[in-house]
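Shown next, in structure tokens, is the structure this report addresses.
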Amino acid sequence: MKIAIAGSGALGCGFGYMMQKGGNDVTLLDFWDEHINTIKENGLSVTVNGKEDTINISIGKPEEIKDTFDTIFIFTKSMGLRHMLEEIKHTLTEDTKVVCLLNGLGHANTISEYIPKKNIIMGTTVWTGGLDAPGKTHFMGEGPVEVQNSDENEEEGTRQVVQMMADCGLNGVYSSNVHFTTWRKACVNGTMNALCSLLDCNIKELFDVAQIDELNQGIVSEFSRVAETEGVTLDVEETINYLKGIAEKVGGHYPSMHQDLKNKRPTEIDFLNGMVAKESERRGFEAPYSKQITQLIHAKEDILGIKR
Ligand code: NAD
């Protein structure tokens, strides 16, 4: 399969590496000069589940690309999605499938401004990655990459993408309700990411604080109410138990938003708690947790001198 990775940071490089090793023709697309030049000169170095490897892989800026692709995986941060869609417009054909595995809410609507519904594949992944230096990343996981076509009558092309991922060791799975999975993942990020970032603690420390049950209850209830307006039922108690299960498994991990702030990079808060606050306000619901968490994360970005 001819594949482009639009946004080749931690996850983009991990997915790109796995797909090229699996026999696909992969091109990485990015805007970060140092990263692009390092990969052109020295190859891409990826450590997958502790095993290091370096490969030669095609990389360039979207504007340099004259090719078209069967499938484009988008791996920008949420706030870079629209810009990336603008930049890859010229590479799209009538049949190019666009896969979005970003964290956050509202991405399907943004993508639908550029891509026909039949070609949009939304999903979630539990693989994780990090950038160690330009051209050097690590990638970890084994869990599923769940995807679903936005048009329920267009499963076939998406199933080919699922099979391709499975063949590359990425554990692709066709989901029957990716909307639910996306909302539930947003609850994970809207609680653990936001609170660990504000409290400067890891997930174990967060789940040991006396206030955690009340905080989870408040945040998840607000997410659940907005999800309901989109036809997604998120049972609050069940979701909180799901969060506790994750916290027990990942313990001492610092979520990505915590790391974004540490690295002085803007967070995805506007697409998580911020989106719930905005949608709640539009619909006349009270959402004090989501609103204040968003304000506090933005305040922290400002204190750290992070440009949004
Ligand atoms: P990332 O920050 O590593 O990369 C995103 C973009 O930022 C890339 O284009 C990258 O080149 C650029 N970038 C990164 N560091 C830069 C720097 N120092 N200077 C200039 N540009 C830089 O993002 P990611 O972690 O791959 O996440 C992509 C999406 O996937 C997000 O929505 C994230 O929430 C989601 N996600 C990430 C993980 C994870 O473990 N990383 C897991 C699940 C979902």
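Labels used: A, B, ... for chains in the order of the structure tokens, numbers from 1 for residues in each chain, and numbers from 1 for ligands as shown.
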**OP:** Tell me, as a list in words, which residues lie within 6 Å of stretch 284-299 of chain A, counting only C-alpha atoms; anything in the same chain fewer than 6 positions away does not count.
**Re:** Ile219, Glu222, Asn273, Gly274 and Ala277 of chain A
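With a cut-off of 6 Å and using only C-alpha atoms and all ligand atoms, the polymer residues contacting ligand 1 are A:Gly7, A:Ser8, A:Gly9, A:Ala10, A:Leu11, A:Gly12, A:Asp30, A:Trp32, A:Phe75, A:Thr76, A:Lys77, A:Ser78, A:Leu102, A:Asn103, A:Thr125, A:Val126, A:Trp127, A:Thr128, A:Gly129, A:Gly130, A:Leu131.
Residues surrounding A:Tyr174 within 6 Å are Glu146, Val147 and Gln148 of chain A [only C-alpha atoms; sequence separation below 3 positions excluded].
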Subject >> Contacts of A:Gly305 at 12 Å (only C-alpha atoms; same-chain gap of 2+ positions) as a list in words >> reply: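 Residues near the query, excluding close chain neighbours: Leu261, Lys262, Asn263, Lys264, Arg265, Pro266, His298, Ala299, Lys300, Glu301, Asp302, Ile303, Lys307 and Arg308 of chain A.
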Subject >> Polymer residues at most 12 Å from A:Asp33, only C-alpha atoms, same-chain spacing of 2 or more positions, as a PyMOL selection string >> reply: chain A and resi 8+29-31+35-40+59-61+134-135
**OP:** Determine which residues of stretch 58-304 of chain A DSSP labels as alpha helix (DSSP H) from the backbone of this structure, then write them out as a ChimeraX atom specification.
**Re:** /A:81-88,107-112,155-167,178-188,194-199,203-207,212-229,236-250,256-262,273-283,288-303
**OP:** Please indicate the distance in Å from atom CA of A:Ile3 to atom CA of A:Pro116, rounded to one decimal place.
**Re:** 18.3 Å
**OP:** Give me the residues within 12 Å of A:Glu94 as a PyMOL selection string, counting only C-alpha atoms and dropping any in the same chain fewer than 6 places off.
**Re:** chain A and resi 68-71+114-120
Original post:
Near stretch 246-260 of chain A, counting only C-alpha atoms, which residues have an atom at most 6 Å away, once you skip same-chain residues fewer than 5 positions from it, shown as an MDAnalysis selection string?
Top reply: chainID A and resid 193 197 202:204 265 267
May I have the residues from that selection written out with all heavy atoms, as a PDB file, in the first residue's frame?
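Listing of again-v4.pdb after writing:
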ATOM      1  N   ASN A 193      -4.754  13.250  32.017  1.00  0.00           N
ATOM      2  CA  ASN A 193      -3.807  14.195  31.402  1.00  0.00           C
ATOM      3  C   ASN A 193      -3.920  15.567  32.052  1.00  0.00           C
ATOM      4  O   ASN A 193      -2.936  16.171  32.461  1.00  0.00           O
ATOM      5  CB  ASN A 193      -4.100  14.348  29.904  1.00  0.00           C
ATOM      6  CG  ASN A 193      -3.458  13.248  29.092  1.00  0.00           C
ATOM      7  OD1 ASN A 193      -3.393  12.117  29.541  1.00  0.00           O
ATOM      8  ND2 ASN A 193      -2.989  13.577  27.916  1.00  0.00           N
ATOM      9  N   SER A 197      -1.233  17.108  34.827  1.00  0.00           N
ATOM     10  CA  SER A 197      -0.508  18.305  34.365  1.00  0.00           C
ATOM     11  C   SER A 197      -0.661  19.431  35.371  1.00  0.00           C
ATOM     12  O   SER A 197       0.301  20.125  35.693  1.00  0.00           O
ATOM     13  CB  SER A 197      -1.048  18.759  33.007  1.00  0.00           C
ATOM     14  OG  SER A 197      -0.957  17.697  32.093  1.00  0.00           O
ATOM     15  N   ASN A 202       2.343  11.990  38.754  1.00  0.00           N
ATOM     16  CA  ASN A 202       2.080  10.885  37.834  1.00  0.00           C
ATOM     17  C   ASN A 202       0.700  10.280  38.152  1.00  0.00           C
ATOM     18  O   ASN A 202       0.025  10.710  39.097  1.00  0.00           O
ATOM     19  CB  ASN A 202       3.220   9.846  37.857  1.00  0.00           C
ATOM     20  CG  ASN A 202       3.369   9.177  39.202  1.00  0.00           C
ATOM     21  OD1 ASN A 202       2.386   8.891  39.890  1.00  0.00           O
ATOM     22  ND2 ASN A 202       4.611   8.926  39.611  1.00  0.00           N
ATOM     23  N   ILE A 203       0.304   9.268  37.370  1.00  0.00           N
ATOM     24  CA  ILE A 203      -1.068   8.756  37.481  1.00  0.00           C
ATOM     25  C   ILE A 203      -1.291   8.073  38.825  1.00  0.00           C
ATOM     26  O   ILE A 203      -2.355   8.222  39.448  1.00  0.00           O
ATOM     27  CB  ILE A 203      -1.375   7.821  36.284  1.00  0.00           C
ATOM     28  CG1 ILE A 203      -1.373   8.652  34.994  1.00  0.00           C
ATOM     29  CG2 ILE A 203      -2.711   7.110  36.462  1.00  0.00           C
ATOM     30  CD1 ILE A 203      -1.399   7.858  33.717  1.00  0.00           C
ATOM     31  N   LYS A 204      -0.291   7.375  39.314  1.00  0.00           N
ATOM     32  CA  LYS A 204      -0.449   6.713  40.623  1.00  0.00           C
ATOM     33  C   LYS A 204      -0.669   7.762  41.713  1.00  0.00           C
ATOM     34  O   LYS A 204      -1.567   7.620  42.548  1.00  0.00           O
ATOM     35  CB  LYS A 204       0.787   5.853  40.938  1.00  0.00           C
ATOM     36  CG  LYS A 204       0.770   5.362  42.361  1.00  0.00           C
ATOM     37  CD  LYS A 204       1.579   4.154  42.631  1.00  0.00           C
ATOM     38  CE  LYS A 204       1.408   3.566  44.016  1.00  0.00           C
ATOM     39  NZ  LYS A 204       0.546   4.228  44.948  1.00  0.00           N
ATOM     40  N   ARG A 265       5.598  22.795  25.108  1.00  0.00           N
ATOM     41  CA  ARG A 265       4.800  22.697  23.878  1.00  0.00           C
ATOM     42  C   ARG A 265       3.328  22.876  24.231  1.00  0.00           C
ATOM     43  O   ARG A 265       2.892  22.499  25.327  1.00  0.00           O
ATOM     44  CB  ARG A 265       5.027  21.328  23.222  1.00  0.00           C
ATOM     45  CG  ARG A 265       6.513  21.106  22.882  1.00  0.00           C
ATOM     46  CD  ARG A 265       6.702  19.938  21.972  1.00  0.00           C
ATOM     47  NE  ARG A 265       6.047  20.161  20.712  1.00  0.00           N
ATOM     48  CZ  ARG A 265       5.447  19.199  20.001  1.00  0.00           C
ATOM     49  NH1 ARG A 265       5.428  17.974  20.457  1.00  0.00           N
ATOM     50  NH2 ARG A 265       4.875  19.471  18.867  1.00  0.00           N
ATOM     51  N   THR A 267      -0.628  22.348  24.695  1.00  0.00           N
ATOM     52  CA  THR A 267      -1.374  21.112  24.975  1.00  0.00           C
ATOM     53  C   THR A 267      -2.600  20.995  24.062  1.00  0.00           C
ATOM     54  O   THR A 267      -2.980  21.949  23.388  1.00  0.00           O
ATOM     55  CB  THR A 267      -1.884  21.116  26.423  1.00  0.00           C
ATOM     56  OG1 THR A 267      -2.913  22.105  26.516  1.00  0.00           O
ATOM     57  CG2 THR A 267      -0.784  21.409  27.424  1.00  0.00           C
TER      58      THR A 267
END
Subject >> Nearest candidate to A:Leu85 (options A:Val162, A:Ile111, A:Val178, A:Val99; using only C-alpha atoms) >> reply: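 Under the stated criterion, the closest residue is A:Ile111.
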Original post:
Mind pulling up the distance from atom CA of A:Asp167 to atom CA of A:Gly22?
Top reply: 6.7 Å
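Atom to atom, atom CA of A:His83 and atom CA of A:Val48 stand 29.1 Å apart.
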**OP:** Looking only at strand (DSSP E) from DSSP on the backbone, list the matching residues of stretch 30-81 of chain A as a list in words.
**Re:**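 Across stretch 30-81 of chain A, those assigned strand (DSSP E) are Leu44, Ser45, Val46, Thr47, Val48, Lys51, Glu52, Asp53, Thr54, Ile55, Ser58, Ile59, Gly60, Thr71, Ile72, Phe73 and Ile74 of chain A.
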Any chance you can output those residues with C-alpha atoms as a tab-separated table (two decimals), in the first residue's frame?
chain	number	residue	atom	x	y	z
A	44	LEU	CA	14.99	7.13	11.10
A	45	SER	CA	15.94	5.52	14.39
A	46	VAL	CA	13.03	3.85	16.21
A	47	THR	CA	13.10	1.73	19.35
A	48	VAL	CA	10.05	-0.56	19.26
A	51	LYS	CA	14.45	-3.05	20.26
A	52	GLU	CA	16.37	-0.37	18.36
A	53	ASP	CA	16.55	-0.16	14.57
A	54	THR	CA	17.41	2.45	11.94
A	55	ILE	CA	15.82	2.52	8.49
A	58	SER	CA	11.31	8.86	2.45
A	59	ILE	CA	10.54	12.18	4.20
A	60	GLY	CA	9.65	15.67	3.02
A	71	THR	CA	-3.91	6.00	2.50
A	72	ILE	CA	-2.79	8.98	4.58
A	73	PHE	CA	-2.44	8.60	8.34
A	74	ILE	CA	-2.66	11.94	10.16
**OP:** Choose the residue, out of A:Asp25, A:Leu81, A:Asp67, A:Met140, that has the smallest atom-to-atom separation from A:Asn49; count only C-alpha atoms.
**Re:** A:Met140
